[in-house]
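Reviewing the structure listed below.
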Amino acid sequence: MFLNEYSELPLPALTYLCGQCNYGGRVTDDKDRRLLMSLLSIFYLPQIVDTPDYKYAVMISISR
């Protein structure tokens, strides 16, 4: 798959590729596969390529 040939990042296709095709042989339980697809949908976001310096989480300081 050549991602540079697309005008937009094909996130649904990448999610399917990583969740169903790559791990399909390793994740045998339907519930585990559903969980994997759910987790990928959380992390595969348009913001990861559209937003410079995108962070999945903001670290906070906890003083003791």
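Ligands are numbered from 1 in the order shown, residues from 1 within each chain, and chains are lettered A, B, ... in the order they appear in the structure tokens.
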
| said: Excluding stretch 45-49 of chain A and its own-chain neighbours fewer than 3 positions away, which residues fall within 10 Å of it when counting only C-alpha atoms? Please give them as a PyMOL selection string. | reply: chain A and resi 8-12+40-42+52-56

| said: When DSSP is applied to the backbone of this structure, which of chain A are assigned alpha helix (DSSP H)? Write them out as a list in words. | reply: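 The alpha helix (DSSP H) residues within chain A come out as Leu11, Pro12, Ala13, Leu14, Thr15, Tyr16, Asp30, Lys31, Asp32, Arg33, Arg34, Leu35, Leu36, Met37, Ser38, Leu39, Leu40, Ser41, Ile42, Phe43, Gln47, Ile48, Val49 and Asp50 of chain A.
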
Let's have the selection written as a compact mmCIF listing (two decimals), in the first residue's frame, with N, CA, C and O atoms.
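File produced: selection-v1.txt:
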```txt
# COMPACT_ATOMS: atom_id res chain seq x y z
N LEU A 11 -7.52 5.75 6.83
CA LEU A 11 -7.51 5.17 8.17
C LEU A 11 -8.41 3.94 8.32
O LEU A 11 -8.00 2.97 8.96
N PRO A 12 -9.61 3.92 7.75
CA PRO A 12 -10.40 2.69 7.86
C PRO A 12 -9.70 1.48 7.21
O PRO A 12 -9.74 0.37 7.75
N ALA A 13 -9.04 1.71 6.10
CA ALA A 13 -8.32 0.61 5.44
C ALA A 13 -7.12 0.16 6.28
O ALA A 13 -6.87 -1.04 6.41
N LEU A 14 -6.41 1.11 6.86
CA LEU A 14 -5.27 0.76 7.71
C LEU A 14 -5.72 0.03 8.97
O LEU A 14 -5.08 -0.92 9.41
N THR A 15 -6.84 0.47 9.53
CA THR A 15 -7.37 -0.18 10.71
C THR A 15 -7.75 -1.62 10.39
O THR A 15 -7.43 -2.54 11.14
N TYR A 16 -8.42 -1.81 9.27
CA TYR A 16 -8.79 -3.17 8.86
C TYR A 16 -7.55 -4.02 8.59
O TYR A 16 -7.47 -5.17 9.02
N ASP A 30 -13.33 -13.87 18.94
CA ASP A 30 -14.07 -12.76 18.34
C ASP A 30 -14.09 -11.52 19.24
O ASP A 30 -14.00 -10.40 18.75
N LYS A 31 -14.18 -11.73 20.53
CA LYS A 31 -14.19 -10.60 21.46
C LYS A 31 -12.83 -9.91 21.50
O LYS A 31 -12.75 -8.69 21.59
N ASP A 32 -11.75 -10.67 21.43
CA ASP A 32 -10.42 -10.08 21.39
C ASP A 32 -10.21 -9.28 20.11
O ASP A 32 -9.63 -8.20 20.12
N ARG A 33 -10.70 -9.81 19.01
CA ARG A 33 -10.58 -9.10 17.73
C ARG A 33 -11.39 -7.81 17.76
O ARG A 33 -10.95 -6.76 17.29
N ARG A 34 -12.57 -7.86 18.35
CA ARG A 34 -13.39 -6.66 18.49
C ARG A 34 -12.70 -5.63 19.36
O ARG A 34 -12.71 -4.43 19.05
N LEU A 35 -12.06 -6.07 20.45
CA LEU A 35 -11.31 -5.16 21.31
C LEU A 35 -10.14 -4.55 20.55
O LEU A 35 -9.90 -3.34 20.64
N LEU A 36 -9.41 -5.35 19.80
CA LEU A 36 -8.29 -4.84 19.01
C LEU A 36 -8.75 -3.78 18.02
O LEU A 36 -8.14 -2.71 17.90
N MET A 37 -9.84 -4.04 17.32
CA MET A 37 -10.36 -3.06 16.37
C MET A 37 -10.81 -1.78 17.07
O MET A 37 -10.59 -0.68 16.57
N SER A 38 -11.37 -1.92 18.25
CA SER A 38 -11.79 -0.75 19.03
C SER A 38 -10.57 0.07 19.46
O SER A 38 -10.58 1.30 19.36
N LEU A 39 -9.54 -0.59 19.92
CA LEU A 39 -8.31 0.13 20.32
C LEU A 39 -7.65 0.82 19.14
O LEU A 39 -7.17 1.95 19.26
N LEU A 40 -7.63 0.16 18.00
CA LEU A 40 -7.05 0.79 16.82
C LEU A 40 -7.84 2.02 16.41
O LEU A 40 -7.27 3.02 15.98
N SER A 41 -9.16 1.98 16.57
CA SER A 41 -9.97 3.14 16.19
C SER A 41 -9.72 4.33 17.12
O SER A 41 -9.94 5.47 16.74
N ILE A 42 -9.25 4.07 18.33
CA ILE A 42 -8.91 5.15 19.26
C ILE A 42 -7.58 5.79 18.86
O ILE A 42 -7.42 7.01 18.94
N PHE A 43 -6.63 4.97 18.42
CA PHE A 43 -5.30 5.48 18.13
C PHE A 43 -5.10 5.92 16.68
O PHE A 43 -4.26 6.75 16.41
N GLN A 47 -6.11 13.26 13.31
CA GLN A 47 -5.29 14.26 13.98
C GLN A 47 -3.81 13.87 14.04
O GLN A 47 -2.95 14.74 14.15
N ILE A 48 -3.50 12.58 13.98
CA ILE A 48 -2.10 12.18 14.08
C ILE A 48 -1.28 12.67 12.90
O ILE A 48 -0.07 12.84 13.02
N VAL A 49 -1.91 12.92 11.77
CA VAL A 49 -1.18 13.46 10.61
C VAL A 49 -1.53 14.91 10.33
O VAL A 49 -0.74 15.63 9.74
N ASP A 50 -2.71 15.35 10.77
CA ASP A 50 -3.15 16.72 10.50
C ASP A 50 -2.63 17.74 11.50
O ASP A 50 -2.49 18.91 11.17
```

| task | Mind giving me the straight-line distance from atom CA of A:Gly19 to atom CA of A:Val58 in Å, one decimal? | result |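 Atom CA of A:Gly19 sits 26.1 Å away from atom CA of A:Val58.
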